[in-house]
file work.txt (compact mmCIF, C-alpha atoms)
# COMPACT_ATOMS: atom_id res chain seq x y z
CA MET A 1 0.00 0.00 0.00
CA PRO A 2 1.50 3.37 -0.97
CA SER A 3 1.59 5.82 1.93
CA THR A 4 2.10 8.87 -0.25
CA SER A 5 -1.55 9.57 -1.09
CA ALA A 6 -3.23 9.39 2.30
CA LEU A 7 -5.26 12.47 1.51
CA PRO A 8 -8.89 11.99 2.54
CA ALA A 9 -9.95 13.72 -0.67
CA ALA A 10 -8.49 10.90 -2.81
CA ARG A 11 -11.24 9.28 -4.82
CA TYR A 12 -11.83 6.13 -6.76
CA THR A 13 -11.61 6.66 -10.50
CA THR A 14 -14.81 7.69 -12.27
CA PRO A 15 -15.31 4.33 -14.03
CA ALA A 16 -14.83 2.54 -10.67
CA ILE A 17 -17.46 4.78 -9.06
CA ALA A 18 -19.86 4.34 -11.97
CA LEU A 19 -19.46 0.55 -11.90
CA HIS A 20 -19.90 0.45 -8.12
CA TRP A 21 -23.24 2.24 -8.17
CA LEU A 22 -24.56 0.63 -11.33
CA LEU A 23 -23.79 -2.82 -9.94
CA ALA A 24 -25.15 -1.88 -6.51
CA LEU A 25 -28.50 -1.05 -8.13
CA LEU A 26 -28.48 -4.12 -10.35
CA ILE A 27 -27.52 -6.51 -7.55
CA VAL A 28 -30.01 -5.17 -5.02
CA GLY A 29 -32.76 -5.20 -7.65
CA THR A 30 -31.94 -8.69 -8.89
CA PHE A 31 -31.70 -10.02 -5.33
CA GLY A 32 -35.08 -8.51 -4.44
CA LEU A 33 -36.60 -9.93 -7.61
CA GLY A 34 -35.22 -13.37 -6.78
CA VAL A 35 -36.67 -13.28 -3.28
CA TYR A 36 -40.04 -12.16 -4.64
CA MET A 37 -40.39 -14.47 -7.62
CA HIS A 38 -39.20 -17.82 -6.32
CA GLU A 39 -42.46 -18.86 -4.71
CA LEU A 40 -44.88 -17.47 -7.30
CA PRO A 41 -47.25 -19.98 -8.93
CA ILE A 42 -46.63 -20.72 -12.61
CA SER A 43 -47.92 -17.84 -14.75
CA PRO A 44 -46.74 -15.73 -17.66
CA SER A 45 -45.63 -13.01 -15.24
CA ARG A 46 -43.51 -15.50 -13.31
CA LEU A 47 -41.95 -16.64 -16.56
CA LYS A 48 -41.21 -13.01 -17.40
CA LEU A 49 -39.71 -12.25 -13.99
CA TYR A 50 -37.52 -15.36 -14.10
CA SER A 51 -36.25 -14.34 -17.53
CA TRP A 52 -35.49 -10.81 -16.33
CA HIS A 53 -33.72 -12.19 -13.26
CA LYS A 54 -31.52 -14.41 -15.42
CA TRP A 55 -30.75 -11.61 -17.89
CA ALA A 56 -29.85 -9.29 -15.02
CA GLY A 57 -27.68 -11.99 -13.43
CA VAL A 58 -25.70 -12.48 -16.63
CA THR A 59 -25.37 -8.69 -16.96
CA ILE A 60 -24.01 -8.53 -13.40
CA LEU A 61 -21.55 -11.29 -14.21
CA LEU A 62 -20.31 -9.48 -17.30
CA LEU A 63 -20.07 -6.03 -15.66
CA SER A 64 -18.29 -7.62 -12.69
CA ALA A 65 -15.64 -8.98 -15.04
CA VAL A 66 -15.16 -5.45 -16.42
CA ARG A 67 -15.08 -4.11 -12.87
CA LEU A 68 -12.54 -6.68 -11.69
CA ALA A 69 -10.29 -5.92 -14.68
CA TRP A 70 -10.54 -2.21 -13.88
CA ARG A 71 -9.84 -2.79 -10.19
CA LEU A 72 -6.76 -4.91 -10.94
CA THR A 73 -5.31 -2.24 -13.20
CA HIS A 74 -6.17 0.86 -11.17
CA GLN A 75 -4.98 1.60 -7.65
CA PRO A 76 -7.82 2.54 -5.28
CA PRO A 77 -7.31 5.43 -2.86
CA ALA A 78 -5.43 4.58 0.33
CA ASP A 79 -7.35 3.64 3.46
CA VAL A 80 -8.40 6.37 5.83
CA PRO A 81 -6.91 5.85 9.31
CA MET A 82 -8.80 3.17 11.24
CA PRO A 83 -8.06 0.29 13.62
CA ALA A 84 -6.35 -2.66 11.93
CA TRP A 85 -9.25 -5.04 12.58
CA GLN A 86 -11.64 -2.68 10.85
CA ALA A 87 -9.34 -2.39 7.86
CA ARG A 88 -9.06 -6.18 7.74
CA LEU A 89 -12.84 -6.54 7.97
CA ALA A 90 -13.41 -3.95 5.23
CA HIS A 91 -10.89 -5.54 2.86
CA GLY A 92 -12.14 -9.05 3.66
CA ALA A 93 -15.68 -7.94 2.83
CA HIS A 94 -14.47 -6.44 -0.48
CA HIS A 95 -12.67 -9.66 -1.43
CA ALA A 96 -15.67 -11.80 -0.49
CA LEU A 97 -18.05 -9.54 -2.45
CA TYR A 98 -15.90 -9.68 -5.56
CA ALA A 99 -15.83 -13.48 -5.33
CA LEU A 100 -19.61 -13.61 -4.87
CA PHE A 101 -20.22 -11.24 -7.83
CA PHE A 102 -19.08 -14.20 -9.92
CA ILE A 103 -20.16 -17.16 -7.79
CA VAL A 104 -23.83 -16.21 -7.34
CA PRO A 105 -24.64 -15.67 -11.05
CA LEU A 106 -22.57 -18.67 -12.13
CA VAL A 107 -24.39 -20.95 -9.69
CA GLY A 108 -27.73 -19.56 -10.89
CA TRP A 109 -26.74 -20.11 -14.52
CA ALA A 110 -25.63 -23.67 -13.70
CA TYR A 111 -28.95 -24.35 -11.97
CA SER A 112 -30.93 -23.06 -14.94
CA SER A 113 -28.89 -25.18 -17.36
CA ALA A 114 -29.13 -28.32 -15.23
CA ALA A 115 -32.89 -27.83 -14.91
CA GLY A 116 -33.19 -27.86 -18.72
CA PHE A 117 -33.75 -24.14 -19.22
CA PRO A 118 -30.69 -22.78 -21.02
CA VAL A 119 -30.14 -19.07 -20.44
CA VAL A 120 -30.84 -16.90 -23.48
CA TRP A 121 -29.53 -13.43 -22.69
CA PHE A 122 -32.26 -10.85 -23.33
CA GLY A 123 -34.13 -13.60 -25.18
CA VAL A 124 -31.66 -13.26 -28.05
CA LEU A 125 -28.22 -14.65 -27.22
CA PRO A 126 -28.19 -18.32 -26.18
CA LEU A 127 -25.49 -18.96 -23.58
CA PRO A 128 -23.74 -22.31 -23.45
CA ASP A 129 -24.61 -24.85 -20.77
CA PHE A 130 -21.50 -25.61 -18.73
CA VAL A 131 -23.25 -28.34 -16.78
CA PRO A 132 -25.36 -31.19 -18.24
CA VAL A 133 -29.15 -31.25 -18.11
CA ASP A 134 -29.67 -33.37 -15.00
CA LYS A 135 -32.61 -33.02 -12.61
CA ALA A 136 -30.71 -34.44 -9.63
CA LEU A 137 -27.83 -32.05 -10.28
CA ALA A 138 -30.29 -29.16 -10.60
CA GLU A 139 -31.82 -29.98 -7.22
CA ALA A 140 -28.34 -30.21 -5.68
CA ILE A 141 -27.31 -26.82 -7.12
CA LYS A 142 -30.53 -24.95 -6.37
CA PRO A 143 -30.03 -24.30 -2.63
CA TRP A 144 -26.53 -22.97 -3.30
CA HIS A 145 -27.82 -20.13 -5.46
CA GLU A 146 -29.94 -19.02 -2.52
CA ARG A 147 -27.23 -19.60 0.09
CA THR A 148 -24.54 -17.70 -1.81
CA ALA A 149 -26.99 -14.86 -2.57
CA MET A 150 -27.93 -14.65 1.12
CA LEU A 151 -24.25 -14.63 2.08
CA MET A 152 -23.68 -11.78 -0.36
CA ALA A 153 -26.64 -9.89 1.12
CA ALA A 154 -25.18 -10.32 4.63
CA ILE A 155 -21.77 -9.04 3.51
CA VAL A 156 -23.40 -6.12 1.70
CA LEU A 157 -25.04 -5.20 5.01
CA VAL A 158 -21.62 -5.30 6.74
CA HIS A 159 -20.21 -3.15 3.90
CA VAL A 160 -23.05 -0.61 4.17
CA ALA A 161 -22.84 -0.61 7.99
CA GLY A 162 -19.14 0.23 7.71
CA ALA A 163 -19.81 3.08 5.29
CA VAL A 164 -22.56 4.47 7.52
CA LYS A 165 -20.32 4.24 10.61
CA HIS A 166 -17.47 6.09 8.84
CA HIS A 167 -19.85 8.77 7.65
CA PHE A 168 -21.94 9.44 10.76
CA ILE A 169 -19.71 8.31 13.64
CA ASP A 170 -16.12 8.71 12.49
CA ARG A 171 -16.98 11.58 10.11
CA ASP A 172 -13.75 10.85 8.26
CA GLY A 173 -14.99 11.57 4.74
CA LEU A 174 -14.39 7.98 3.63
CA ILE A 175 -17.70 7.89 1.79
CA ASN A 176 -16.56 10.75 -0.48
CA ARG A 177 -14.15 8.34 -2.13
CA MET A 178 -17.10 6.57 -3.73
CA ARG A 179 -19.56 9.45 -3.96
CA PRO A 180 -20.59 10.33 -7.50
CA ALA A 181 -18.83 13.58 -8.48
CA ARG A 182 -20.80 16.77 -8.12
CA GLN A 183 -19.78 19.20 -10.80
CA MET B 1 -55.02 -50.91 -19.30
CA LYS B 2 -58.31 -50.59 -21.08
CA THR B 3 -56.91 -48.09 -23.53
CA MET B 4 -53.88 -50.26 -24.13
CA SER B 5 -55.85 -53.42 -24.83
CA LEU B 6 -58.23 -51.50 -27.06
CA ALA B 7 -55.33 -50.03 -28.98
CA LEU B 8 -53.73 -53.45 -29.20
CA ALA B 9 -56.96 -55.00 -30.44
CA ALA B 10 -57.35 -52.22 -32.98
CA THR B 11 -53.80 -52.76 -34.20
CA LEU B 12 -54.28 -56.51 -34.51
CA LEU B 13 -57.60 -56.18 -36.30
CA ALA B 14 -56.44 -53.47 -38.64
CA ALA B 15 -52.99 -54.90 -39.31
CA PRO B 16 -52.53 -55.80 -42.93
CA ALA B 17 -49.64 -58.01 -43.98
CA LEU B 18 -47.32 -55.03 -44.34
CA ALA B 19 -47.83 -53.54 -40.89
CA GLN B 20 -44.70 -52.42 -39.09
CA GLN B 21 -44.02 -52.68 -35.42
CA VAL B 22 -42.65 -49.76 -33.44
CA VAL B 23 -39.82 -50.47 -31.02
CA PRO B 24 -40.96 -48.15 -28.21
CA ALA B 25 -37.69 -48.04 -26.29
CA GLN B 26 -35.90 -46.57 -29.32
CA SER B 27 -38.71 -44.32 -30.46
CA GLU B 28 -39.63 -40.85 -29.38
CA ILE B 29 -42.12 -38.11 -30.05
CA SER B 30 -41.01 -34.78 -28.63
CA PHE B 31 -41.79 -31.12 -29.07
CA VAL B 32 -39.86 -27.92 -28.58
CA SER B 33 -41.46 -24.62 -27.71
CA LYS B 34 -39.73 -21.33 -27.01
CA GLN B 35 -40.38 -19.51 -23.76
CA MET B 36 -39.02 -15.96 -23.99
CA GLY B 37 -36.46 -17.22 -26.47
CA VAL B 38 -35.53 -20.29 -24.43
CA PRO B 39 -36.09 -23.62 -26.19
CA VAL B 40 -37.87 -26.03 -23.85
CA GLU B 41 -38.29 -29.64 -24.86
CA GLY B 42 -41.08 -31.98 -23.85
CA LYS B 43 -41.92 -35.56 -24.68
CA PHE B 44 -45.00 -37.68 -25.03
CA LYS B 45 -44.44 -40.80 -22.98
CA GLN B 46 -47.47 -42.76 -24.16
CA TRP B 47 -48.57 -43.13 -27.73
CA THR B 48 -49.29 -45.82 -30.25
CA ALA B 49 -48.66 -45.93 -33.97
CA GLN B 50 -50.34 -47.88 -36.73
CA ILE B 51 -48.01 -48.03 -39.67
CA ALA B 52 -48.56 -49.96 -42.88
CA PHE B 53 -45.97 -48.73 -45.30
CA ASP B 54 -44.01 -50.21 -48.15
CA PRO B 55 -41.35 -47.73 -49.33
CA LYS B 56 -41.80 -49.00 -52.90
CA LYS B 57 -45.54 -48.36 -52.78
CA ALA B 58 -45.44 -45.25 -50.67
CA GLU B 59 -48.70 -43.82 -52.00
CA ALA B 60 -50.57 -46.89 -50.72
CA GLY B 61 -49.17 -46.49 -47.22
CA LYS B 62 -51.10 -45.53 -44.12
CA VAL B 63 -49.75 -43.98 -40.99
CA GLY B 64 -51.69 -43.21 -37.87
CA PHE B 65 -50.79 -42.07 -34.38
CA THR B 66 -52.73 -41.89 -31.17
CA ILE B 67 -51.07 -39.82 -28.46
CA GLN B 68 -52.10 -39.66 -24.81
CA THR B 69 -52.00 -35.92 -24.17
CA GLY B 70 -51.71 -36.48 -20.41
CA SER B 71 -48.37 -38.19 -20.94
CA ALA B 72 -46.68 -34.96 -22.06
CA SER B 73 -43.72 -34.27 -19.83
CA PHE B 74 -41.08 -31.58 -19.58
CA GLY B 75 -39.25 -33.51 -16.90
CA ALA B 76 -40.16 -31.00 -14.19
CA ALA B 77 -42.99 -31.94 -11.82
CA GLU B 78 -44.08 -28.33 -11.50
CA THR B 79 -44.47 -27.86 -15.25
CA ASP B 80 -45.98 -31.30 -15.82
CA ALA B 81 -48.72 -30.43 -13.35
CA GLU B 82 -49.80 -27.64 -15.73
CA VAL B 83 -50.10 -29.85 -18.82
CA PRO B 84 -53.53 -31.40 -18.10
CA LYS B 85 -55.14 -28.05 -17.27
CA ALA B 86 -57.81 -26.53 -19.47
CA ALA B 87 -55.50 -23.79 -20.77
CA TRP B 88 -53.03 -26.33 -22.14
CA PHE B 89 -54.07 -29.82 -23.30
CA ASN B 90 -57.28 -30.01 -21.27
CA VAL B 91 -56.63 -33.71 -20.73
CA PRO B 92 -59.93 -34.58 -18.99
CA LYS B 93 -61.86 -33.35 -22.05
CA PHE B 94 -59.35 -34.21 -24.78
CA PRO B 95 -57.31 -37.17 -23.55
CA GLN B 96 -55.99 -38.06 -26.98
CA ALA B 97 -54.41 -36.35 -29.94
CA SER B 98 -54.17 -38.11 -33.26
CA PHE B 99 -52.60 -38.03 -36.66
CA ALA B 100 -53.97 -39.85 -39.71
CA SER B 101 -52.20 -39.76 -43.04
CA SER B 102 -54.15 -38.95 -46.18
CA ALA B 103 -51.39 -39.13 -48.79
CA ILE B 104 -47.79 -40.28 -48.84
CA LYS B 105 -45.40 -39.29 -51.59
CA ALA B 106 -41.93 -40.71 -52.21
CA LEU B 107 -39.34 -37.99 -52.85
CA GLY B 108 -36.44 -40.37 -53.48
CA GLY B 109 -33.37 -41.15 -51.41
CA GLY B 110 -35.37 -42.45 -48.47
CA LYS B 111 -37.31 -39.22 -48.18
CA PHE B 112 -41.06 -39.07 -48.08
CA GLU B 113 -43.74 -36.46 -47.69
CA VAL B 114 -46.65 -37.47 -45.50
CA ARG B 115 -49.79 -35.37 -45.63
CA GLY B 116 -52.47 -35.84 -43.08
CA LYS B 117 -54.73 -34.48 -40.42
CA LEU B 118 -53.48 -33.63 -36.99
CA ALA B 119 -56.16 -33.42 -34.30
CA ILE B 120 -55.36 -31.92 -30.93
CA LYS B 121 -57.75 -30.54 -28.35
CA GLY B 122 -60.75 -30.71 -30.63
CA ALA B 123 -59.10 -28.85 -33.52
CA THR B 124 -57.99 -30.52 -36.73
CA GLN B 125 -55.36 -29.10 -39.08
CA ASP B 126 -53.79 -30.35 -42.29
CA VAL B 127 -50.08 -30.88 -41.90
CA VAL B 128 -47.27 -31.88 -44.23
CA VAL B 129 -44.63 -33.97 -42.54
CA PRO B 130 -41.23 -34.66 -44.13
CA VAL B 131 -39.96 -38.11 -43.18
CA THR B 132 -36.54 -39.62 -43.71
CA VAL B 133 -36.23 -43.40 -43.57
CA THR B 134 -32.93 -45.17 -43.03
CA GLN B 135 -32.47 -48.91 -42.82
CA ALA B 136 -29.92 -51.17 -41.20
CA GLY B 137 -30.68 -54.86 -41.68
CA ALA B 138 -34.22 -55.56 -40.57
CA ASN B 139 -34.47 -52.31 -38.63
CA SER B 140 -35.78 -49.11 -40.08
CA THR B 141 -35.69 -45.67 -38.56
CA ALA B 142 -38.06 -42.92 -39.57
CA THR B 143 -37.23 -39.39 -38.45
CA GLY B 144 -38.56 -35.97 -39.12
CA SER B 145 -39.87 -32.75 -37.71
CA PHE B 146 -42.49 -30.21 -38.56
CA VAL B 147 -43.74 -26.97 -37.15
CA ILE B 148 -47.26 -26.30 -35.94
CA LYS B 149 -48.87 -23.17 -34.54
CA ARG B 150 -49.95 -23.94 -31.01
CA LEU B 151 -52.77 -21.38 -31.12
CA ASP B 152 -54.34 -23.24 -34.07
CA PHE B 153 -55.07 -25.91 -31.48
CA LYS B 154 -55.76 -23.51 -28.59
CA ILE B 155 -52.78 -24.89 -26.68
CA GLY B 156 -52.01 -22.21 -24.13
CA GLU B 157 -55.20 -20.20 -23.74
CA GLY B 158 -56.08 -17.05 -21.85
CA GLU B 159 -53.04 -15.37 -20.33
CA TRP B 160 -50.83 -17.98 -22.02
CA ALA B 161 -52.02 -17.02 -25.53
CA ASP B 162 -49.41 -14.23 -25.50
CA THR B 163 -46.85 -15.37 -28.07
CA SER B 164 -44.20 -12.99 -26.74
CA MET B 165 -44.07 -15.33 -23.73
CA VAL B 166 -44.51 -18.70 -25.37
CA ALA B 167 -43.89 -18.64 -29.12
CA ASN B 168 -46.69 -19.74 -31.43
CA ASP B 169 -44.37 -22.05 -33.35
CA VAL B 170 -43.88 -25.47 -31.82
CA THR B 171 -41.53 -27.93 -33.47
CA VAL B 172 -42.72 -31.52 -33.29
CA LYS B 173 -39.93 -34.07 -33.68
CA PHE B 174 -40.15 -37.80 -34.00
CA LYS B 175 -37.88 -40.78 -34.25
CA LEU B 176 -39.49 -44.14 -34.87
CA ALA B 177 -37.59 -47.41 -34.71
CA LEU B 178 -39.52 -49.89 -36.83
CA THR B 179 -39.28 -53.55 -37.62
CA GLY B 180 -40.89 -55.34 -40.50
CA MET B 181 -40.56 -52.69 -43.20
CA ALA B 182 -39.83 -53.75 -46.77
CA PRO B 183 -36.46 -52.56 -48.13
CA LEU B 184 -36.19 -49.04 -49.51
call {"tool": "encode", "arguments": {"input": "work.txt", "output": "structure tokens"}}
result
Amino acid sequence: MPSTSALPAARYTTPAIALHWLLALLIVGTFGLGVYMHELPISPSRLKLYSWHKWAGVTILLLSAVRLAWRLTHQPPADVPMPAWQARLAHGAHHALYALFFIVPLVGWAYSSAAGFPVVWFGVLPLPDFVPVDKALAEAIKPWHERTAMLMAAIVLVHVAGAVKHHFIDRDGLINRMRPARQ
Amino acid sequence: MKTMSLALAATLLAAPALAQQVVPAQSEISFVSKQMGVPVEGKFKQWTAQIAFDPKKAEAGKVGFTIQTGSASFGAAETDAEVPKAAWFNVPKFPQASFASSAIKALGGGKFEVRGKLAIKGATQDVVVPVTVTQAGANSTATGSFVIKRLDFKIGEGEWADTSMVANDVTVKFKLALTGMAPL
């Protein structure tokens, strides 16, 4: 970690900020949709919601790949001063979230494929099945889509709680690093 | 049981010398529909065929199918529970679908064109079915596919009639393993 740019005004790059908020909206929306739709009785609207959920999931997967590539090639601003355990928790949460950005959609995609419903992105682009069509496999995969999504939701809450604490308790301006620019 | 023995009796009574036997374990009638662009395949698990066909006298041939609509399966219990409902096959009222050929034409090279009437859910439509026959020893295989419009047969009514959800085109595919057919 470079110690030269410890200025609190240091910000993430604009593409990093844009990707953060775009993906935040997409992930929260897709998670909420998943929670809502999964117990609906069979109907055209359920079919529509499931399709939207899958399209959004694949979009999240793709944007997360772009985001990861950007993150690996662009240094984020240095940490604001905080106890070491908090820094470890914050970084651990970031690593876990990045992993889950890929794991949750991939597990959902695998479930859909195994269940015999290949994913066709926006109803136009058929995606390959990377698991065979197998009902037993589908049933084995299904709970893991929910579990990994719930784990991501829990970590998002930790992440948000940290941001709120820095903003309202520590008042250290940390949140400005990710705040959309006001021109 | 009753249906089976009736069908068996009908086959025995109607069977002319040239009748072919279907090998059920190697035969399949399936259909593919598209749900919001996603191809979803189903199968009919119970059906019988009455086939009397000599490739050299194709125009004299007769082909008939009786399909138990309630045996349609997508392999998912949740979906299969929808199949018998009134909006889809309405199995209690229309337990069987059928196909009866009216004319068979040889196109050469083991290819044939079978015209006939397809009856599903109380509606009857003329269809033209391309069939390819291959033979290996005493075994013949007839394959083909054709496209029907599901709404012509009112399959998927009410809220399900929306073709932006479930496409109107349904591809019906078949593979019949047959014994007893004369050589091509």
call {"tool": "interface_residues", "arguments": {"input": "work.txt", "of": "chain B", "to": "chain A", "cutoff": "9 Å", "atoms": "all atoms listed in the file", "output": "JSON, numbers by chain"}}
result
{"B": [35, 36, 37, 38, 39, 40, 41, 74, 75, 76, 78, 79, 82, 159, 160, 162, 165, 166]}
call {"tool": "atom_distance", "arguments": {"input": "work.txt", "atom1": "atom CA of B:Ala103", "atom2": "atom CA of B:Val147"}}
result
18.5 Å
call {"tool": "residues_around", "arguments": {"input": "work.txt", "residues": "A:Asp172", "least_positions_apart": "6", "cutoff": "10 Å", "atoms": "all atoms listed in the file", "output": "PDB file with C-alpha atoms, in the coordinates of the input"}}
result
ATOM      1  CA  PRO A   8      -8.890  11.990   2.540  1.00  0.00           C
ATOM      2  CA  VAL A  80      -8.400   6.370   5.830  1.00  0.00           C
ATOM      3  CA  PRO A  81      -6.910   5.850   9.310  1.00  0.00           C
ATOM      4  CA  MET A  82      -8.800   3.170  11.240  1.00  0.00           C
ATOM      5  CA  LYS A 165     -20.320   4.240  10.610  1.00  0.00           C
ATOM      6  CA  HIS A 166     -17.470   6.090   8.840  1.00  0.00           C
TER       7      HIS A 166
END
call {"tool": "closest_residue", "arguments": {"input": "work.txt", "among": "A:Tyr50, A:Trp85, A:Phe168, A:Trp70", "to": "A:Ser112", "atoms": "all atoms listed in the file"}}
result
A:Tyr50
call {"tool": "residues_around", "arguments": {"input": "work.txt", "residues": "A:Phe101", "least_positions_apart": "6", "cutoff": "10 Å", "atoms": "all atoms listed in the file", "output": "PyMOL selection string"}}
result
chain A and resi 23+27+57+60-65+68+148-149+152
call {"tool": "write_last_selection", "arguments": {"input": "work.txt", "atoms": "C-alpha atoms", "output": "PDB file, keeping the file's coordinate frame"}}
result
ATOM      1  CA  LEU A  23     -23.790  -2.820  -9.940  1.00  0.00           C
ATOM      2  CA  ILE A  27     -27.520  -6.510  -7.550  1.00  0.00           C
ATOM      3  CA  GLY A  57     -27.680 -11.990 -13.430  1.00  0.00           C
ATOM      4  CA  ILE A  60     -24.010  -8.530 -13.400  1.00  0.00           C
ATOM      5  CA  LEU A  61     -21.550 -11.290 -14.210  1.00  0.00           C
ATOM      6  CA  LEU A  62     -20.310  -9.480 -17.300  1.00  0.00           C
ATOM      7  CA  LEU A  63     -20.070  -6.030 -15.660  1.00  0.00           C
ATOM      8  CA  SER A  64     -18.290  -7.620 -12.690  1.00  0.00           C
ATOM      9  CA  ALA A  65     -15.640  -8.980 -15.040  1.00  0.00           C
ATOM     10  CA  LEU A  68     -12.540  -6.680 -11.690  1.00  0.00           C
ATOM     11  CA  THR A 148     -24.540 -17.700  -1.810  1.00  0.00           C
ATOM     12  CA  ALA A 149     -26.990 -14.860  -2.570  1.00  0.00           C
ATOM     13  CA  MET A 152     -23.680 -11.780  -0.360  1.00  0.00           C
TER      14      MET A 152
END
call {"tool": "closest_residue", "arguments": {"input": "work.txt", "among": "B:Gln46, B:Thr132, B:Asn168, B:Gln125", "to": "B:Pro95", "atoms": "only C-alpha atoms"}}
result
B:Gln46
call {"tool": "residues_around", "arguments": {"input": "work.txt", "residues": "stretch 140-142 of chain A", "least_positions_apart": "6", "cutoff": "9 Å", "atoms": "only C-alpha atoms", "output": "ChimeraX atom specification"}}
result
/A:107-108,110-112,114
call {"tool": "closest_residue", "arguments": {"input": "work.txt", "among": "B:Lys149, B:Lys111, B:Lys154, B:Lys117", "to": "B:Phe89", "atoms": "only C-alpha atoms"}}
result
B:Lys154
call {"tool": "atom_distance", "arguments": {"input": "work.txt", "atom1": "atom CA of B:Gly180", "atom2": "atom CA of B:Ile51"}}
result
10.2 Å
call {"tool": "residues_around", "arguments": {"input": "work.txt", "residues": "stretch 63-65 of chain B", "least_positions_apart": "5", "cutoff": "9 Å", "atoms": "only C-alpha atoms", "output": "ChimeraX atom specification"}}
result
/B:47-53,97-102,104,114,116
call {"tool": "write_last_selection", "arguments": {"input": "work.txt", "atoms": "C-alpha atoms", "output": "PDB file, in the coordinates of the input"}}
result
ATOM      1  CA  TRP B  47     -48.570 -43.130 -27.730  1.00  0.00           C
ATOM      2  CA  THR B  48     -49.290 -45.820 -30.250  1.00  0.00           C
ATOM      3  CA  ALA B  49     -48.660 -45.930 -33.970  1.00  0.00           C
ATOM      4  CA  GLN B  50     -50.340 -47.880 -36.730  1.00  0.00           C
ATOM      5  CA  ILE B  51     -48.010 -48.030 -39.670  1.00  0.00           C
ATOM      6  CA  ALA B  52     -48.560 -49.960 -42.880  1.00  0.00           C
ATOM      7  CA  PHE B  53     -45.970 -48.730 -45.300  1.00  0.00           C
ATOM      8  CA  ALA B  97     -54.410 -36.350 -29.940  1.00  0.00           C
ATOM      9  CA  SER B  98     -54.170 -38.110 -33.260  1.00  0.00           C
ATOM     10  CA  PHE B  99     -52.600 -38.030 -36.660  1.00  0.00           C
ATOM     11  CA  ALA B 100     -53.970 -39.850 -39.710  1.00  0.00           C
ATOM     12  CA  SER B 101     -52.200 -39.760 -43.040  1.00  0.00           C
ATOM     13  CA  SER B 102     -54.150 -38.950 -46.180  1.00  0.00           C
ATOM     14  CA  ILE B 104     -47.790 -40.280 -48.840  1.00  0.00           C
ATOM     15  CA  VAL B 114     -46.650 -37.470 -45.500  1.00  0.00           C
ATOM     16  CA  GLY B 116     -52.470 -35.840 -43.080  1.00  0.00           C
TER      17      GLY B 116
END
call {"tool": "decode", "arguments": {"input": "work.txt", "residues": "stretch 106-119 of chain B", "atoms": "N, CA and C atoms", "output": "tab-separated table (two decimals), in the first residue's frame"}}
result
chain	number	residue	atom	x	y	z
B	106	ALA	N	-43.36	-40.43	-52.28
B	106	ALA	CA	-41.93	-40.71	-52.21
B	106	ALA	C	-41.18	-39.59	-52.91
B	107	LEU	N	-40.13	-39.07	-52.27
B	107	LEU	CA	-39.34	-37.99	-52.85
B	107	LEU	C	-37.99	-38.50	-53.32
B	108	GLY	N	-37.72	-39.79	-53.09
B	108	GLY	CA	-36.44	-40.37	-53.48
B	108	GLY	C	-35.41	-40.27	-52.37
B	109	GLY	N	-34.45	-41.20	-52.40
B	109	GLY	CA	-33.37	-41.15	-51.41
B	109	GLY	C	-33.83	-41.39	-49.99
B	110	GLY	N	-34.88	-42.17	-49.83
B	110	GLY	CA	-35.37	-42.45	-48.47
B	110	GLY	C	-36.20	-41.33	-47.87
B	111	LYS	N	-36.51	-40.33	-48.70
B	111	LYS	CA	-37.31	-39.22	-48.18
B	111	LYS	C	-38.75	-39.31	-48.67
B	112	PHE	N	-39.64	-38.98	-47.77
B	112	PHE	CA	-41.06	-39.07	-48.08
B	112	PHE	C	-41.77	-37.83	-47.54
B	113	GLU	N	-42.93	-37.56	-48.16
B	113	GLU	CA	-43.74	-36.46	-47.69
B	113	GLU	C	-45.09	-37.04	-47.28
B	114	VAL	N	-45.40	-36.91	-46.02
B	114	VAL	CA	-46.65	-37.47	-45.50
B	114	VAL	C	-47.62	-36.33	-45.22
B	115	ARG	N	-48.74	-36.36	-45.91
B	115	ARG	CA	-49.79	-35.37	-45.63
B	115	ARG	C	-50.85	-36.03	-44.78
B	116	GLY	N	-51.44	-35.25	-43.91
B	116	GLY	CA	-52.47	-35.84	-43.08
B	116	GLY	C	-53.13	-34.83	-42.18
B	117	LYS	N	-53.98	-35.35	-41.33
B	117	LYS	CA	-54.73	-34.48	-40.42
B	117	LYS	C	-54.25	-34.71	-39.00
B	118	LEU	N	-53.93	-33.59	-38.38
B	118	LEU	CA	-53.48	-33.63	-36.99
B	118	LEU	C	-54.61	-33.06	-36.14
B	119	ALA	N	-55.05	-33.85	-35.17
B	119	ALA	CA	-56.16	-33.42	-34.30
B	119	ALA	C	-55.66	-33.34	-32.87
